[in-house]
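Everything below concerns the one structure shown next.
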Amino acid sequence: MGPAAVMTPKSVTSMLVTSESTLEQSLSKFWELEEPPHIHNLSPDEIHAERIFTCSVKRLASGRFSIALPLKHPRPILGDSRSMAQTRFRYLERRLSQNEELSQQYKEFMRDNLVSQHMEVVPTNQIMTPYCYYIPHHCIMRPESKTTKLRVVFDVSAVTTTGQSLNTNLYTGRKLQQDLPRILIRARVHQVLFTADIKQMYRQIEIHSEDRDYLRILWRFEPDEPITEYRLCTVTYGTSSAPHQALRTLQHLAKIEATTFPIAAQILMQDTFVDDILTGADSPEAVLVQQSQLIALCKQGQFQLWKWASNSPVILQAVSDNERSMSTDVLFDDELEAGLKILGMQWNPKQDNFSYSFQCSTRVFCRGHIDLLTC
């Protein structure tokens, strides 16, 4: 493992804040003059994606949102995708039959989708239609994850008999992810930090019923059962439009609830990277206000926050044990590990620093050739 860099509140504050007001004013004027305006001119495809979102977004009685797939053409005919999906499903079944634990986890994922009404059986009288697409799926294992070890991957780029896929027929939408370094630097100047994750963010946003036939999958829970046709009912991980759809919906929620939850709305807009929130304030009291507003605001859209972590015990004590990513004991017991991975970095809440490790390459010249060594 290579060298590690550490960023603490005091070190960053000393870089960002100066007691010399004249110097600060001079620097501010310099940056105002030298930095170009942040103007993003939307491409035609991005304009279409935005138009489809604004025209289709609906607030359901539960508070949850429903949106349309951003299809480039209404009701496209993509060709035969079922044969390919069935071939790959049988390969998946053979793989699962060789690993009972993997098979059970896969079934639990599918059963949770069904019970949560995030997927539904295609009615028999609606199966035969040219306006559909079957998505192959498989899984990858993430042994380092403390929560979900298995991730089901939907291959929405798989081509049909006409050489098309669903992804080639979707508008991607403009990039809405916040700039990662800005989030980290803004967070680091706070004395009290916390992080949380929006649980199953994509799956809390429904897709209009008329578009769901383009999100069909094949599945059966037991090998002796007939293969059943299902369709996914929510924003689907793997579709090229999913990141834009999810973040655009989150921003829409923040905007319409900003009057009631102004602090939380600003955090969702500025301190959220996809489904991860990293923010804070200068006192535990102020952070508790942020936390309570965030929980209440997200609940308005049926989003749930979990995997809470903080360098202050009051934040952790405000949520249940199963919603925490760390125990309050970590902050007081030197024997307990305090390292957490957040936004690509390691955060130690006990020591209150961020760090990262990297491997550097060293070029060594030796008798006319170069050897590449890792330090």
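Chains: A, B, ... in order of the structure tokens. Residues: from 1 per chain. Ligands: from 1, in order shown.
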
Go through region 182-285 of chain A and collect every residue that DSSP, computed from the backbone, puts in strand (DSSP E or B); the answer should be as a compact mmCIF listing (two decimals) with C-alpha atoms, in the first residue's frame.
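Final output, saved to result-v4.txt:
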```txt
# COMPACT_ATOMS: atom_id res chain seq x y z
CA VAL A 192 -19.59 18.05 13.16
CA LEU A 193 -20.01 15.74 10.19
CA PHE A 194 -22.48 13.08 9.23
CA THR A 195 -23.14 10.85 6.26
CA ALA A 196 -26.21 8.90 5.21
CA ASP A 197 -27.37 6.86 2.25
CA ILE A 198 -30.72 6.97 0.42
CA LYS A 199 -31.88 3.36 0.58
CA GLU A 206 -42.05 4.47 -10.38
CA ILE A 207 -42.09 4.20 -14.16
CA ARG A 216 -39.46 -7.07 -18.87
CA ILE A 217 -37.39 -9.84 -17.31
CA LEU A 218 -37.65 -13.64 -17.18
CA TRP A 219 -37.56 -15.40 -13.82
CA THR A 228 -42.61 -16.36 -15.82
CA GLU A 229 -42.58 -12.99 -17.52
CA TYR A 230 -42.24 -10.03 -15.16
CA ARG A 231 -41.83 -6.33 -15.76
CA LEU A 232 -39.96 -3.89 -13.55
CA THR A 234 -39.35 1.43 -11.09
CA TYR A 237 -30.24 0.21 -12.46
CA THR A 239 -30.60 1.87 -17.94
CA THR A 272 -25.51 14.76 -2.25
CA PHE A 273 -23.54 12.58 -4.62
CA ASP A 276 -24.78 9.48 -0.64
CA ILE A 277 -25.16 12.53 1.61
CA LEU A 278 -22.12 14.09 3.28
CA THR A 279 -22.59 17.33 5.19
CA GLY A 280 -22.44 18.90 8.63
CA ALA A 281 -22.42 22.05 10.73
```

Please identify every residue of region 93-133 of chain A that has at least one atom no farther than 12 Å from an atom of region 86-89 of chain A, counting only C-alpha atoms, and for each give the shortest atom pair and the distance in Å to one decimal, arranged by chain then increasing number, as JSON lines.
```
{"residue": "A:Glu93", "atom": "CA", "partner": "A:Phe89", "partner_atom": "CA", "distance": 6.2}
{"residue": "A:Arg94", "atom": "CA", "partner": "A:Phe89", "partner_atom": "CA", "distance": 8.7}
{"residue": "A:Arg95", "atom": "CA", "partner": "A:Phe89", "partner_atom": "CA", "distance": 9.8}
{"residue": "A:Leu96", "atom": "CA", "partner": "A:Phe89", "partner_atom": "CA", "distance": 10.4}
```

Take the residues just selected and output them with all heavy atoms as a PDB file, in the first residue's frame.
```pdb
ATOM      1  N   GLU A  93     -29.344 -19.802 -14.393  1.00  0.00           N
ATOM      2  CA  GLU A  93     -29.869 -20.888 -13.554  1.00  0.00           C
ATOM      3  C   GLU A  93     -28.807 -21.952 -13.297  1.00  0.00           C
ATOM      4  O   GLU A  93     -28.696 -22.462 -12.175  1.00  0.00           O
ATOM      5  CB  GLU A  93     -31.091 -21.520 -14.223  1.00  0.00           C
ATOM      6  CG  GLU A  93     -32.385 -20.797 -13.957  1.00  0.00           C
ATOM      7  CD  GLU A  93     -33.592 -21.656 -14.288  1.00  0.00           C
ATOM      8  OE1 GLU A  93     -33.575 -22.332 -15.334  1.00  0.00           O
ATOM      9  OE2 GLU A  93     -34.557 -21.658 -13.501  1.00  0.00           O
ATOM     10  N   ARG A  94     -28.043 -22.291 -14.311  1.00  0.00           N
ATOM     11  CA  ARG A  94     -26.983 -23.299 -14.117  1.00  0.00           C
ATOM     12  C   ARG A  94     -25.948 -22.802 -13.125  1.00  0.00           C
ATOM     13  O   ARG A  94     -25.463 -23.554 -12.277  1.00  0.00           O
ATOM     14  CB  ARG A  94     -26.328 -23.628 -15.467  1.00  0.00           C
ATOM     15  CG  ARG A  94     -27.206 -24.429 -16.397  1.00  0.00           C
ATOM     16  CD  ARG A  94     -26.395 -25.036 -17.537  1.00  0.00           C
ATOM     17  NE  ARG A  94     -25.821 -24.019 -18.412  1.00  0.00           N
ATOM     18  CZ  ARG A  94     -26.442 -23.512 -19.477  1.00  0.00           C
ATOM     19  NH1 ARG A  94     -27.667 -23.942 -19.785  1.00  0.00           N
ATOM     20  NH2 ARG A  94     -25.853 -22.609 -20.229  1.00  0.00           N
ATOM     21  N   ARG A  95     -25.627 -21.538 -13.204  1.00  0.00           N
ATOM     22  CA  ARG A  95     -24.664 -20.966 -12.261  1.00  0.00           C
ATOM     23  C   ARG A  95     -25.217 -20.989 -10.842  1.00  0.00           C
ATOM     24  O   ARG A  95     -24.513 -21.356  -9.894  1.00  0.00           O
ATOM     25  CB  ARG A  95     -24.319 -19.538 -12.666  1.00  0.00           C
ATOM     26  CG  ARG A  95     -23.330 -18.865 -11.733  1.00  0.00           C
ATOM     27  CD  ARG A  95     -23.167 -17.387 -12.043  1.00  0.00           C
ATOM     28  NE  ARG A  95     -22.339 -16.710 -11.054  1.00  0.00           N
ATOM     29  CZ  ARG A  95     -22.196 -15.403 -10.957  1.00  0.00           C
ATOM     30  NH1 ARG A  95     -22.844 -14.603 -11.801  1.00  0.00           N
ATOM     31  NH2 ARG A  95     -21.428 -14.874 -10.019  1.00  0.00           N
ATOM     32  N   LEU A  96     -26.473 -20.601 -10.676  1.00  0.00           N
ATOM     33  CA  LEU A  96     -27.072 -20.571  -9.344  1.00  0.00           C
ATOM     34  C   LEU A  96     -27.221 -21.979  -8.762  1.00  0.00           C
ATOM     35  O   LEU A  96     -27.135 -22.170  -7.543  1.00  0.00           O
ATOM     36  CB  LEU A  96     -28.440 -19.884  -9.398  1.00  0.00           C
ATOM     37  CG  LEU A  96     -28.446 -18.400  -9.786  1.00  0.00           C
ATOM     38  CD1 LEU A  96     -29.874 -17.858  -9.808  1.00  0.00           C
ATOM     39  CD2 LEU A  96     -27.584 -17.568  -8.846  1.00  0.00           C
TER      40      LEU A  96
END
```

Inset, instruction - Calculate how many Å separate CA of Thr260 (chain A) from CA of Ser292 (chain A), rounding to one decimal. - result: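 Here the two named atoms are 12.3 Å from each other.
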
Inset, instruction - Check the smallest atom-to-atom distance from each of A:Asp112, A:Glu100, A:Glu120, A:Glu50 to Arg212 (chain A) using only C-alpha atoms, then report the winner. - result: A:Glu120

Inset, instruction - For Ser97 (chain A), work out the shell of residues within 12 Å, counting only C-alpha atoms and skipping chain neighbours fewer than 5 positions away, then give it as a PyMOL selection string. - result: chain A and resi 90-92+102-104+106-107+221-223

Inset, instruction - Enumerate the residues of region 196-255 of chain A with a DSSP assignment of alpha helix (DSSP H), computed from the backbone, and present them as a ChimeraX atom specification. - result: /A:242-255

Take the residues that were just selected and, keeping C-alpha atoms, output them as a short mmCIF file (atom, residue, chain, number, x, y, z; two decimals), in the first residue's frame.
```
data_model
loop_
_atom_site.label_atom_id
_atom_site.label_comp_id
_atom_site.auth_asym_id
_atom_site.auth_seq_id
_atom_site.Cartn_x
_atom_site.Cartn_y
_atom_site.Cartn_z
CA ALA A 242 -31.36 5.97 -14.51
CA PRO A 243 -28.82 8.37 -12.91
CA HIS A 244 -30.47 11.41 -14.48
CA GLN A 245 -33.99 10.20 -13.66
CA ALA A 246 -33.15 9.53 -10.01
CA LEU A 247 -31.24 12.76 -9.34
CA ARG A 248 -33.72 14.85 -11.30
CA THR A 249 -36.55 13.43 -9.17
CA LEU A 250 -34.59 14.15 -5.99
CA GLN A 251 -34.02 17.73 -7.11
CA HIS A 252 -37.70 18.06 -8.00
CA LEU A 253 -38.64 16.90 -4.49
CA ALA A 254 -36.20 19.39 -2.94
CA LYS A 255 -37.60 22.24 -5.01
#
```

Could you give me, as CSV, every region 222-273 of chain A residue with an atom at most 12 Å from region 282-287 of chain A, plus its closest atom pair and distance in Å to one decimal, counting only C-alpha atoms, rows ordered by chain then number?
```
residue,atom,partner,partner_atom,distance
A:Ile263,CA,A:Ala286,CA,10.3
A:Ala264,CA,A:Val287,CA,10.8
A:Ile267,CA,A:Val287,CA,11.6
```

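For region 294-301 of chain A, the non-local neighbours within 8 Å, defined as residues at least 6 positions apart in the same chain or in other chains and counting only C-alpha atoms, are Ser62, Gly63, Arg64, Phe65, Leu253, Ala254, Glu257, Phe261, Ala264 and Ala265 of chain A.
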